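Dumped run09.pdb below, it's PDB, C-alpha atoms:
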```pdb
ATOM      1  CA  MET A   1      -6.502  16.363  36.534
ATOM      2  CA  ALA A   2      -4.879  17.761  33.366
ATOM      3  CA  VAL A   3      -1.157  18.501  33.529
ATOM      4  CA  ASN A   4      -0.087  22.041  32.655
ATOM      5  CA  LEU A   5       3.655  22.782  32.780
ATOM      6  CA  LYS A   6       3.663  25.959  30.684
ATOM      7  CA  GLY A   7       6.068  28.508  32.156
ATOM      8  CA  LYS A   8       7.626  26.015  34.583
ATOM      9  CA  SER A   9      11.395  25.557  34.839
ATOM     10  CA  PHE A  10      13.007  22.111  34.622
ATOM     11  CA  LEU A  11      15.756  22.193  37.255
ATOM     12  CA  THR A  12      15.407  18.793  38.936
ATOM     13  CA  LEU A  13      12.932  15.934  38.817
ATOM     14  CA  MET A  14      12.327  16.589  42.499
ATOM     15  CA  ASP A  15      10.257  19.625  41.446
ATOM     16  CA  PHE A  16       7.800  17.412  39.531
ATOM     17  CA  THR A  17       5.090  14.997  40.590
ATOM     18  CA  PRO A  18       5.082  11.441  39.236
ATOM     19  CA  ALA A  19       2.057  12.411  37.119
ATOM     20  CA  GLU A  20       3.954  15.336  35.585
ATOM     21  CA  ILE A  21       6.963  13.145  34.807
ATOM     22  CA  ARG A  22       4.594  10.568  33.298
ATOM     23  CA  TYR A  23       3.122  13.335  31.133
ATOM     24  CA  LEU A  24       6.594  14.330  29.873
ATOM     25  CA  LEU A  25       7.453  10.709  29.068
ATOM     26  CA  ASP A  26       4.202  10.152  27.192
ATOM     27  CA  LEU A  27       4.739  13.378  25.272
ATOM     28  CA  ALA A  28       8.291  12.301  24.402
ATOM     29  CA  HIS A  29       7.047   8.976  23.022
ATOM     30  CA  GLU A  30       4.422  10.858  20.996
ATOM     31  CA  LEU A  31       6.924  13.380  19.612
ATOM     32  CA  LYS A  32       9.393  10.613  18.740
ATOM     33  CA  ALA A  33       6.721   8.767  16.765
ATOM     34  CA  LYS A  34       5.858  12.024  15.010
ATOM     35  CA  LYS A  35       9.481  12.613  13.996
ATOM     36  CA  LYS A  36       9.940   9.007  12.850
ATOM     37  CA  SER A  37       6.869   9.455  10.645
ATOM     38  CA  GLY A  38       8.474  12.479   8.989
ATOM     39  CA  ILE A  39       5.892  14.915  10.308
ATOM     40  CA  LYS A  40       7.276  18.449  10.616
ATOM     41  CA  GLY A  41       6.226  20.343  13.699
ATOM     42  CA  ARG A  42       5.589  24.035  14.277
ATOM     43  CA  ILE A  43       4.564  23.893  17.941
ATOM     44  CA  LEU A  44       7.363  26.279  18.966
ATOM     45  CA  GLU A  45       7.220  28.586  15.949
ATOM     46  CA  GLY A  46       8.023  32.149  16.983
ATOM     47  CA  LYS A  47       9.860  31.033  20.136
ATOM     48  CA  ASN A  48      13.553  31.634  20.746
ATOM     49  CA  ILE A  49      15.769  29.852  23.257
ATOM     50  CA  VAL A  50      19.351  30.398  24.407
ATOM     51  CA  LEU A  51      21.807  27.694  25.458
ATOM     52  CA  LEU A  52      24.364  28.685  28.112
ATOM     53  CA  PHE A  53      27.251  26.210  28.224
ATOM     54  CA  GLU A  54      29.996  26.464  30.831
ATOM     55  CA  LYS A  55      30.687  22.730  30.279
ATOM     56  CA  THR A  56      31.017  21.246  26.811
ATOM     57  CA  SER A  57      28.742  18.466  25.565
ATOM     58  CA  THR A  58      27.898  16.636  22.363
ATOM     59  CA  ARG A  59      24.495  15.176  23.238
ATOM     60  CA  THR A  60      23.063  18.014  25.324
ATOM     61  CA  ARG A  61      23.837  20.756  22.812
ATOM     62  CA  CYS A  62      22.730  18.768  19.770
ATOM     63  CA  SER A  63      19.590  17.540  21.522
ATOM     64  CA  PHE A  64      18.442  21.020  22.495
ATOM     65  CA  GLU A  65      19.261  22.508  19.091
ATOM     66  CA  VAL A  66      17.592  19.788  17.014
ATOM     67  CA  ALA A  67      14.615  19.487  19.385
ATOM     68  CA  ALA A  68      13.968  23.223  19.231
ATOM     69  CA  MET A  69      14.445  23.535  15.477
ATOM     70  CA  ASP A  70      12.274  20.472  14.786
ATOM     71  CA  GLU A  71       9.348  22.397  16.248
ATOM     72  CA  GLY A  72      10.210  25.753  14.683
ATOM     73  CA  ALA A  73      12.076  27.566  17.479
ATOM     74  CA  GLY A  74      15.200  29.663  17.010
ATOM     75  CA  VAL A  75      18.349  28.773  18.972
ATOM     76  CA  THR A  76      21.314  30.869  20.158
ATOM     77  CA  PHE A  77      24.373  29.132  21.637
ATOM     78  CA  LEU A  78      26.656  30.873  24.143
ATOM     79  CA  ASP A  79      29.683  29.162  25.648
ATOM     80  CA  SER A  80      31.930  30.544  28.391
ATOM     81  CA  LYS A  81      33.909  32.544  25.813
ATOM     82  CA  SER A  82      30.782  34.085  24.301
ATOM     83  CA  SER A  83      29.112  35.339  27.479
ATOM     84  CA  GLN A  84      30.103  37.709  30.281
ATOM     85  CA  MET A  85      28.022  35.785  32.824
ATOM     86  CA  GLY A  86      29.890  35.482  36.096
ATOM     87  CA  LYS A  87      32.883  37.453  34.784
ATOM     88  CA  LYS A  88      31.921  41.026  33.927
ATOM     89  CA  GLU A  89      28.241  40.554  34.638
ATOM     90  CA  THR A  90      26.420  38.926  37.518
ATOM     91  CA  ILE A  91      24.309  35.844  36.955
ATOM     92  CA  ALA A  92      21.234  37.804  38.002
ATOM     93  CA  ASP A  93      21.904  40.579  35.478
ATOM     94  CA  THR A  94      22.543  38.045  32.720
ATOM     95  CA  ALA A  95      19.278  36.308  33.580
ATOM     96  CA  ARG A  96      17.319  39.578  33.469
ATOM     97  CA  VAL A  97      18.755  40.471  30.060
ATOM     98  CA  LEU A  98      18.246  37.043  28.506
ATOM     99  CA  GLY A  99      14.735  36.775  29.930
ATOM    100  CA  ARG A 100      13.763  39.891  27.950
ATOM    101  CA  MET A 101      15.151  38.467  24.705
ATOM    102  CA  PHE A 102      14.396  34.763  24.876
ATOM    103  CA  ASP A 103      11.438  32.565  25.723
ATOM    104  CA  GLY A 104      13.581  30.029  27.589
ATOM    105  CA  ILE A 105      17.120  29.438  28.840
ATOM    106  CA  GLU A 106      19.144  26.221  29.047
ATOM    107  CA  TYR A 107      22.145  26.049  31.377
ATOM    108  CA  ARG A 108      24.888  23.421  31.501
ATOM    109  CA  GLY A 109      27.651  23.994  33.995
ATOM    110  CA  TYR A 110      28.728  23.542  37.572
ATOM    111  CA  GLU A 111      26.723  24.785  40.554
ATOM    112  CA  GLN A 112      23.029  24.001  40.929
ATOM    113  CA  ALA A 113      22.707  27.443  42.497
ATOM    114  CA  VAL A 114      23.451  29.012  39.099
ATOM    115  CA  VAL A 115      20.579  27.336  37.269
ATOM    116  CA  GLU A 116      18.311  28.144  40.221
ATOM    117  CA  GLU A 117      19.283  31.823  40.104
ATOM    118  CA  LEU A 118      18.709  31.963  36.360
ATOM    119  CA  ALA A 119      15.213  30.592  36.923
ATOM    120  CA  ARG A 120      14.522  32.972  39.777
ATOM    121  CA  GLU A 121      15.668  36.119  37.958
ATOM    122  CA  SER A 122      14.899  35.590  34.264
ATOM    123  CA  GLY A 123      11.109  35.346  34.290
ATOM    124  CA  VAL A 124      11.160  32.563  31.668
ATOM    125  CA  PRO A 125      11.492  28.771  31.876
ATOM    126  CA  VAL A 126      15.030  27.556  32.587
ATOM    127  CA  TRP A 127      16.183  24.004  31.823
ATOM    128  CA  ASN A 128      18.991  22.193  33.592
ATOM    129  CA  GLY A 129      21.349  20.621  31.027
ATOM    130  CA  LEU A 130      23.667  19.349  33.803
ATOM    131  CA  THR A 131      25.128  20.576  37.068
ATOM    132  CA  ASP A 132      27.549  19.030  39.521
ATOM    133  CA  VAL A 133      24.686  17.467  41.495
ATOM    134  CA  ASP A 134      21.930  16.712  38.972
ATOM    135  CA  HIS A 135      21.191  15.795  35.356
ATOM    136  CA  PRO A 136      17.403  15.629  34.985
ATOM    137  CA  THR A 137      17.192  15.687  31.176
ATOM    138  CA  GLN A 138      19.446  12.624  31.050
ATOM    139  CA  ILE A 139      17.287  10.688  33.499
ATOM    140  CA  LEU A 140      14.137  11.496  31.545
ATOM    141  CA  ALA A 141      15.789  10.049  28.417
ATOM    142  CA  ASP A 142      17.018   7.032  30.378
ATOM    143  CA  ILE A 143      13.565   6.226  31.720
ATOM    144  CA  MET A 144      12.100   6.568  28.233
ATOM    145  CA  THR A 145      14.724   4.111  26.963
ATOM    146  CA  ILE A 146      13.879   1.661  29.736
ATOM    147  CA  GLU A 147      10.221   1.796  28.693
ATOM    148  CA  GLU A 148      11.222   0.938  25.121
ATOM    149  CA  HIS A 149      13.360  -2.065  26.078
ATOM    150  CA  ILE A 150      11.982  -3.546  29.291
ATOM    151  CA  ASP A 151       8.541  -5.096  29.185
ATOM    152  CA  LYS A 152       7.377  -4.323  32.701
ATOM    153  CA  PRO A 153       5.976  -1.259  34.482
ATOM    154  CA  LEU A 154       8.493   1.180  35.917
ATOM    155  CA  ASN A 155       7.582   0.314  39.504
ATOM    156  CA  LYS A 156       8.802  -3.234  38.831
ATOM    157  CA  VAL A 157      12.147  -2.136  37.335
ATOM    158  CA  LYS A 158      15.431  -2.333  39.245
ATOM    159  CA  VAL A 159      18.332  -0.033  38.297
ATOM    160  CA  VAL A 160      21.881  -0.501  39.613
ATOM    161  CA  PHE A 161      24.323   2.365  39.174
ATOM    162  CA  VAL A 162      27.902   1.062  39.340
ATOM    163  CA  GLY A 163      30.951   3.181  40.169
ATOM    164  CA  ASP A 164      31.182   6.645  41.703
ATOM    165  CA  VAL A 165      28.006   6.699  43.741
ATOM    166  CA  ARG A 166      28.538  10.353  44.684
ATOM    167  CA  ASN A 167      28.393  11.844  41.207
ATOM    168  CA  ASN A 168      25.597  13.813  39.553
ATOM    169  CA  MET A 169      24.292  10.822  37.595
ATOM    170  CA  ALA A 170      23.984   8.662  40.708
ATOM    171  CA  TYR A 171      22.116  11.459  42.489
ATOM    172  CA  ALA A 172      19.887  12.163  39.495
ATOM    173  CA  TRP A 173      19.020   8.452  39.330
ATOM    174  CA  MET A 174      18.098   8.442  43.016
ATOM    175  CA  TYR A 175      15.653  11.260  42.323
ATOM    176  CA  GLY A 176      14.222   9.684  39.167
ATOM    177  CA  CYS A 177      13.688   6.262  40.722
ATOM    178  CA  ALA A 178      12.254   7.758  43.894
ATOM    179  CA  LYS A 179       9.705   9.756  41.910
ATOM    180  CA  MET A 180       8.666   6.868  39.659
ATOM    181  CA  GLY A 181       8.476   4.151  42.317
ATOM    182  CA  MET A 182      11.474   2.198  41.002
ATOM    183  CA  GLU A 183      14.121   0.196  42.840
ATOM    184  CA  PHE A 184      17.569   1.787  42.766
ATOM    185  CA  ALA A 185      20.907   0.599  44.103
ATOM    186  CA  ALA A 186      24.076   2.682  44.046
ATOM    187  CA  TYR A 187      26.930   0.146  44.045
ATOM    188  CA  GLY A 188      30.461   1.395  44.634
ATOM    189  CA  PRO A 189      33.501   1.493  46.930
ATOM    190  CA  LYS A 190      32.709   1.777  50.632
ATOM    191  CA  GLU A 191      34.723   4.986  50.936
ATOM    192  CA  LEU A 192      32.507   6.582  48.271
ATOM    193  CA  CYS A 193      29.305   5.099  49.673
ATOM    194  CA  ASP A 194      30.168   6.733  52.980
ATOM    195  CA  GLY A 195      30.542  10.066  51.171
ATOM    196  CA  VAL A 196      27.094  10.193  49.566
ATOM    197  CA  ASP A 197      25.418  13.510  50.343
ATOM    198  CA  PRO A 198      23.003  12.843  53.236
ATOM    199  CA  GLU A 199      20.666  15.594  52.021
ATOM    200  CA  VAL A 200      20.341  13.898  48.630
ATOM    201  CA  LEU A 201      19.504  10.609  50.339
ATOM    202  CA  LYS A 202      17.040  12.339  52.644
ATOM    203  CA  ARG A 203      15.186  13.954  49.740
ATOM    204  CA  ALA A 204      15.171  10.762  47.669
ATOM    205  CA  ASN A 205      13.944   8.631  50.557
ATOM    206  CA  ALA A 206      11.186  11.129  51.355
ATOM    207  CA  ALA A 207       9.920  10.863  47.774
ATOM    208  CA  ALA A 208      10.367   7.086  47.823
ATOM    209  CA  ALA A 209       8.155   6.827  50.888
ATOM    210  CA  GLU A 210       5.312   8.299  48.826
ATOM    211  CA  THR A 211       5.789   6.148  45.714
ATOM    212  CA  GLY A 212       6.979   2.816  47.113
ATOM    213  CA  ALA A 213      10.446   3.177  45.591
ATOM    214  CA  LYS A 214      13.477   1.590  47.218
ATOM    215  CA  ILE A 215      16.825   3.416  47.410
ATOM    216  CA  THR A 216      20.004   1.599  48.492
ATOM    217  CA  VAL A 217      23.677   2.629  48.668
ATOM    218  CA  THR A 218      26.030  -0.322  49.094
ATOM    219  CA  ASP A 219      29.433  -1.867  48.393
ATOM    220  CA  ASP A 220      27.924  -5.381  48.387
ATOM    221  CA  ASP A 221      27.633  -6.964  44.943
ATOM    222  CA  ALA A 222      24.553  -8.865  46.099
ATOM    223  CA  CYS A 223      22.633  -5.752  44.967
ATOM    224  CA  LEU A 224      23.258  -6.770  41.355
ATOM    225  CA  LYS A 225      20.936  -9.763  41.567
ATOM    226  CA  GLY A 226      17.678  -9.148  39.738
ATOM    227  CA  ALA A 227      18.804  -5.890  38.141
ATOM    228  CA  ASP A 228      17.036  -4.910  34.935
ATOM    229  CA  VAL A 229      19.463  -2.074  34.225
ATOM    230  CA  ILE A 230      23.211  -1.821  34.807
ATOM    231  CA  TYR A 231      24.308   1.804  34.524
ATOM    232  CA  THR A 232      27.728   3.414  34.812
ATOM    233  CA  ASP A 233      29.567   6.656  34.104
ATOM    234  CA  ILE A 234      33.151   7.668  33.354
ATOM    235  CA  TRP A 235      35.591   7.743  36.259
ATOM    236  CA  ALA A 236      37.428  10.923  35.305
ATOM    237  CA  SER A 237      36.532  13.845  33.057
ATOM    238  CA  MET A 238      38.869  16.143  31.152
ATOM    239  CA  GLY A 239      40.636  18.417  33.598
ATOM    240  CA  GLU A 240      40.614  15.767  36.343
ATOM    241  CA  GLU A 241      43.782  13.981  35.237
ATOM    242  CA  ASP A 242      45.452  14.550  38.594
ATOM    243  CA  GLN A 243      42.757  12.395  40.228
ATOM    244  CA  ILE A 244      43.119   9.436  37.868
ATOM    245  CA  PRO A 245      45.570   7.280  39.879
ATOM    246  CA  GLU A 246      43.333   7.343  42.960
ATOM    247  CA  ARG A 247      40.148   6.954  40.944
ATOM    248  CA  VAL A 248      41.500   3.914  39.105
ATOM    249  CA  ARG A 249      42.579   2.370  42.415
ATOM    250  CA  MET A 250      39.119   2.792  43.925
ATOM    251  CA  LEU A 251      36.943   2.009  40.939
ATOM    252  CA  THR A 252      38.689  -0.766  39.015
ATOM    253  CA  PRO A 253      36.886  -3.431  41.111
ATOM    254  CA  PHE A 254      33.645  -1.830  39.876
ATOM    255  CA  LYS A 255      34.448  -1.867  36.161
ATOM    256  CA  VAL A 256      31.401  -3.156  34.281
ATOM    257  CA  THR A 257      32.520  -6.466  32.796
ATOM    258  CA  GLU A 258      30.641  -9.487  31.520
ATOM    259  CA  GLU A 259      31.390 -11.151  34.855
ATOM    260  CA  LEU A 260      29.810  -8.274  36.776
ATOM    261  CA  VAL A 261      26.748  -8.195  34.527
ATOM    262  CA  ALA A 262      26.283 -11.971  34.941
ATOM    263  CA  LYS A 263      25.646 -11.378  38.637
ATOM    264  CA  THR A 264      22.254  -9.883  37.763
ATOM    265  CA  GLU A 265      21.144 -13.424  36.839
ATOM    266  CA  ASN A 266      18.849 -11.683  34.377
ATOM    267  CA  PRO A 267      19.447 -12.550  30.693
ATOM    268  CA  ASP A 268      17.209  -9.656  29.652
ATOM    269  CA  ASP A 269      19.032  -6.924  31.556
ATOM    270  CA  ILE A 270      20.233  -3.889  29.617
ATOM    271  CA  PHE A 271      23.402  -1.827  29.840
ATOM    272  CA  MET A 272      23.098   1.954  29.873
ATOM    273  CA  HIS A 273      25.579   4.845  29.949
ATOM    274  CA  CYS A 274      25.065   8.602  29.674
ATOM    275  CA  LEU A 275      28.172   8.958  27.432
ATOM    276  CA  PRO A 276      30.902   9.755  26.638
ATOM    277  CA  SER A 277      32.446   6.453  27.642
ATOM    278  CA  PHE A 278      35.919   4.993  27.928
ATOM    279  CA  HIS A 279      35.289   1.438  26.709
ATOM    280  CA  ASN A 280      38.457   0.936  24.646
ATOM    281  CA  PHE A 281      41.747   2.749  24.052
ATOM    282  CA  ASP A 282      40.745   4.571  20.861
ATOM    283  CA  THR A 283      40.441   7.991  22.521
ATOM    284  CA  THR A 284      43.406  10.249  23.197
ATOM    285  CA  MET A 285      42.788  10.372  26.937
ATOM    286  CA  ALA A 286      42.392   6.613  27.390
ATOM    287  CA  ALA A 287      45.480   5.882  25.284
ATOM    288  CA  GLU A 288      47.619   8.457  27.089
ATOM    289  CA  GLN A 289      46.567   7.215  30.515
ATOM    290  CA  MET A 290      47.248   3.606  29.535
ATOM    291  CA  LYS A 291      50.812   4.577  28.610
ATOM    292  CA  LEU A 292      51.123   5.890  32.167
ATOM    293  CA  GLY A 293      49.847   2.582  33.512
ATOM    294  CA  TYR A 294      46.224   3.553  34.194
ATOM    295  CA  ASP A 295      43.314   1.706  32.596
ATOM    296  CA  ILE A 296      40.474   4.233  32.889
ATOM    297  CA  ARG A 297      37.834   2.122  31.133
ATOM    298  CA  GLU A 298      34.711   2.025  33.291
ATOM    299  CA  VAL A 299      33.181  -0.654  31.029
ATOM    300  CA  THR A 300      34.649  -3.255  28.716
ATOM    301  CA  GLU A 301      34.113  -3.233  24.968
ATOM    302  CA  GLU A 302      32.266  -6.552  25.216
ATOM    303  CA  VAL A 303      29.570  -5.027  27.420
ATOM    304  CA  PHE A 304      29.453  -1.586  25.789
ATOM    305  CA  SER A 305      29.019  -3.040  22.290
ATOM    306  CA  GLY A 306      27.155  -6.157  23.364
ATOM    307  CA  LYS A 307      23.641  -7.199  22.421
ATOM    308  CA  ASN A 308      22.163  -5.874  25.675
ATOM    309  CA  SER A 309      23.662  -2.405  25.311
ATOM    310  CA  VAL A 310      21.161   0.354  24.498
ATOM    311  CA  VAL A 311      23.501   3.326  24.876
ATOM    312  CA  PHE A 312      22.827   4.815  21.449
ATOM    313  CA  ASP A 313      19.052   4.475  21.730
ATOM    314  CA  GLU A 314      19.495   6.276  25.042
ATOM    315  CA  ALA A 315      21.575   9.031  23.398
ATOM    316  CA  GLU A 316      18.930   9.596  20.716
ATOM    317  CA  ASN A 317      16.216   9.792  23.327
ATOM    318  CA  ARG A 318      17.894  12.843  24.843
ATOM    319  CA  MET A 319      16.534  14.724  21.831
ATOM    320  CA  HIS A 320      12.985  13.385  22.134
ATOM    321  CA  THR A 321      12.668  13.955  25.877
ATOM    322  CA  ILE A 322      14.227  17.419  25.689
ATOM    323  CA  LYS A 323      11.754  18.233  22.939
ATOM    324  CA  ALA A 324       8.971  17.167  25.268
ATOM    325  CA  VAL A 325      10.300  19.450  28.005
ATOM    326  CA  LEU A 326      10.518  22.398  25.586
ATOM    327  CA  VAL A 327       7.022  21.834  24.216
ATOM    328  CA  ALA A 328       5.482  21.314  27.656
ATOM    329  CA  THR A 329       7.041  24.414  29.206
ATOM    330  CA  LEU A 330       6.837  26.814  26.234
ATOM    331  CA  ALA A 331       3.796  25.915  24.120
TER
END
```
Kindly transcribe the structure held in the file into C-alpha cells.
Amino acid sequence: MAVNLKGKSFLTLMDFTPAEIRYLLDLAHELKAKKKSGIKGRILEGKNIVLLFEKTSTRTRCSFEVAAMDEGAGVTFLDSKSSQMGKKETIADTARVLGRMFDGIEYRGYEQAVVEELARESGVPVWNGLTDVDHPTQILADIMTIEEHIDKPLNKVKVVFVGDVRNNMAYAWMYGCAKMGMEFAAYGPKELCDGVDPEVLKRANAAAAETGAKITVTDDDACLKGADVIYTDIWASMGEEDQIPERVRMLTPFKVTEELVAKTENPDDIFMHCLPSFHNFDTTMAAEQMKLGYDIREVTEEVFSGKNSVVFDEAENRMHTIKAVLVATLA
C-alpha cells in the first residue's frame, strides 16, 4: 500500500508505522543524492514554514532552514524573545494564528504537551524539533547514518546508549529501535536505570512485541558486547551547572573511552552523538568546570575523533531527513 503522509504532524516516531518510517528514510536517501548531484528542487515552492525555538540549537535550526529553502519554501524563525507564545498569548491562540499564516510549524522546547497542542490547534503539520522526552528528527537522521555505515539490515543492528538513560535521546532511541525491529540497550548507573519512565518502557515494549525488537535497560557492561553502535549524549546542558557535581559522580564510570568501546568486541562498531559534545576542554563550559575540579567530558577525544566516529555524517543527515519529513508532510 502506498504511503501518504501529507498533512500529518511529526511529533514522535510512535505515531508512525515501520513502513512509514521506512518511506521517510528512503526519501531522505533520495533527497540527499539529489542534493549531492547539484539538482535544485522546487517541491515546496509556495510553502512557508515557521520555526518556534524555546531552546537554542545549531543543527536543528540550520537543518530546517536549509532543508526548506533547498526545496523552495520560505522560513520564518521565532525564538522566545520574538514570540508571545505562553507569555501574553496562549499556546492555542498562537497555534491558531500561525496555522492561518504558515503551511507548517516546527517547535523546539520543553514539554511534549506544547508540540501536541500546536498540532491539535493549528490545522497544519507540526514537527517536533526536540522536547524534554523525545527527539524524533534526530533519531531519523541517526538511523539513516547507520544505514550508510553498517552493512546489515536494521533488524540485525544493536545500539547501546551510554550515560543518562532517562533523557530524551535515550527515550527517542527506545522508540526508534522498537519501531524498526532493532536491538537497543540503555546502559547507565543503576540509580538512573531505576528512574526510567515506566510509561516510555511500556510503549516501547508494546511496539517491540510487534516488530521483534529488543529493549533493555541495564547497569551491566555485558550489554556492550556485540554492539554495532555506541551512542552517548552530554551530561549537563547550559543552565544545569548546579547539577554538575552529582552528574559527574554518577556518570564518570560511563564515559565513552577506548576501553569501553573495546568491550563491544566489534572492530566495525561506530560511535555516534547527537551533538554538541564535551570531548575536550576547548569550550568555555568544559574549561570552567575543569577549573572547579569537574571533568564533564562524556566521551574522550580519541573516540570522538577516531576512525569509527560518524558524528559529522550524522549531523549532516539531520538536514536530509528533515527535508524528507517536510516534503512528505507538505508536498
Quiz item: Care to translate the PyMOL selection byres ((chain A and resi 40) around 12) into actual residues of this file, as JSON, numbers by chain?
Solution: {"A": [31, 32, 33, 34, 35, 36, 37, 38, 39, 41, 42, 43, 44, 45, 67, 68, 69, 70, 71, 72]}
Self-check item: For CA of Leu292 (chain A) and CA of Arg247 (chain A), the interatomic separation in Å (one decimal)
Solution: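 CA of Leu292 (chain A) sits 14.1 Å away from CA of Arg247 (chain A).
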Quiz prompt | Reference answer for the PyMOL selection byres ((chain A and resi 320) around 8), as JSON, numbers by chain | solution = {"A": [28, 29, 31, 32, 63, 67, 141, 316, 317, 318, 319, 321, 322, 323, 324]}
Quiz item: Taking all atoms listed in the file into account, which of A:Asn205, A:Thr90, A:Thr131, A:Thr252 comes nearest Gly109 (chain A)?
Solution: A:Thr131
Quiz item: With all atoms listed in the file as the atoms that count, which of A:Ala236, A:Val124, A:Ile296, A:Ala186 lies nearest to Gly99 (chain A)?
Solution: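 So, comparing all the options, the nearest one is A:Val124.
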Practice problem: Please provide the set of residues having any atom within 12 Å of Glu199 (chain A), restricted to all atoms listed in the file, with same-chain residues fewer than 2 positions apart removed, written as a list in words. | Solution: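 Close residues of Glu199 (chain A): Val133, Arg166, Tyr171, Met174, Tyr175, Gly195, Val196, Asp197, Leu201, Lys202, Arg203, Ala204, Asn205 and Ala206 of chain A.
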Quiz item: Using all atoms listed in the file, which of A:Thr284, A:Thr60, A:Thr76, A:Thr12 sits nearest Asn48 (chain A)?
Solution: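 The shortest atom-to-atom distance to Asn48 (chain A) comes from A:Thr76.
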Exercise. Do a neighbour search on region 143-154 of chain A at 8 Å with all atoms listed in the file, toss out local chain neighbours closer than 4 positions, and write the hits as a PyMOL selection string.
Key: chain A and resi 25+28-29+139+180-182+228+270+310+313-314+317+321
Applying the PyMOL selection byres ((chain A and resi 102) around 7) to the file I just gave you, which residues come out? Please list them as an mmCIF file with C-alpha atoms, in the coordinates of the input.
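The new file expr.cif reads:
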```
data_model
loop_
_atom_site.group_PDB
_atom_site.id
_atom_site.type_symbol
_atom_site.label_atom_id
_atom_site.label_comp_id
_atom_site.auth_asym_id
_atom_site.auth_seq_id
_atom_site.Cartn_x
_atom_site.Cartn_y
_atom_site.Cartn_z
ATOM 1 C CA ASN A 48 13.553 31.634 20.746
ATOM 2 C CA ILE A 49 15.769 29.852 23.257
ATOM 3 C CA VAL A 50 19.351 30.398 24.407
ATOM 4 C CA LEU A 98 18.246 37.043 28.506
ATOM 5 C CA GLY A 99 14.735 36.775 29.930
ATOM 6 C CA ARG A 100 13.763 39.891 27.950
ATOM 7 C CA MET A 101 15.151 38.467 24.705
ATOM 8 C CA ASP A 103 11.438 32.565 25.723
ATOM 9 C CA GLY A 104 13.581 30.029 27.589
#
```
Quiz item: Which residue, A:Phe64, A:Phe184, A:Trp127, A:Phe254, has the smallest gap to Ile234 (chain A) when you use all atoms listed in the file?
Solution: A:Phe254
Practice problem: Between CA of Thr58 (chain A) and CA of Glu240 (chain A), measure the distance and give it in Å to one decimal. | Solution: 18.9 Å
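The two atoms in question, CA of Leu52 (chain A) and CA of Ser83 (chain A), are spaced 8.2 Å apart.
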Residues near Asp164 (chain A), cut-off 8 Å, all atoms listed in the file, skip fewer than 6 positions along chain, as an mmCIF file with C-alpha atoms, in the coordinates of the input:
```
data_model
loop_
_atom_site.group_PDB
_atom_site.id
_atom_site.type_symbol
_atom_site.label_atom_id
_atom_site.label_comp_id
_atom_site.auth_asym_id
_atom_site.auth_seq_id
_atom_site.Cartn_x
_atom_site.Cartn_y
_atom_site.Cartn_z
ATOM 1 C CA ALA A 170 23.984 8.662 40.708
ATOM 2 C CA GLY A 188 30.461 1.395 44.634
ATOM 3 C CA PRO A 189 33.501 1.493 46.930
ATOM 4 C CA LEU A 192 32.507 6.582 48.271
ATOM 5 C CA ASP A 233 29.567 6.656 34.104
ATOM 6 C CA TRP A 235 35.591 7.743 36.259
ATOM 7 C CA LEU A 251 36.943 2.009 40.939
#
```
Practice problem: Pick out the closest residue to Asn155 (chain A) from this set: A:Gln112, A:Ala208, A:Cys193, A:Val200. Count only C-alpha atoms. | Solution: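 That would be A:Ala208, the residue with the smallest distance to Asn155 (chain A).
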Quiz item: So which one's closest to Ala178 (chain A), A:Gln84, A:Gln243, A:Thr17, A:Thr264? Using only C-alpha atoms, please.
Solution: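 Result for the nearest residue to Ala178 (chain A): A:Thr17.
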Self-check item: Point (36.5, -4.5, 41.2), cut-off 12 Å, counting all atoms listed in the file, residues as a PyMOL selection string
Solution: chain A and resi 162-163+187-190+219-221+248-257+259-260+298-299
Exercise. Excluding region 280-283 of chain A and any residue of its chain fewer than 3 positions from it, enumerate the residues within 9 Å of it, using all atoms listed in the file, and give them as a PyMOL selection string.
Key: chain A and resi 277+286-288+290+295+297+299-301
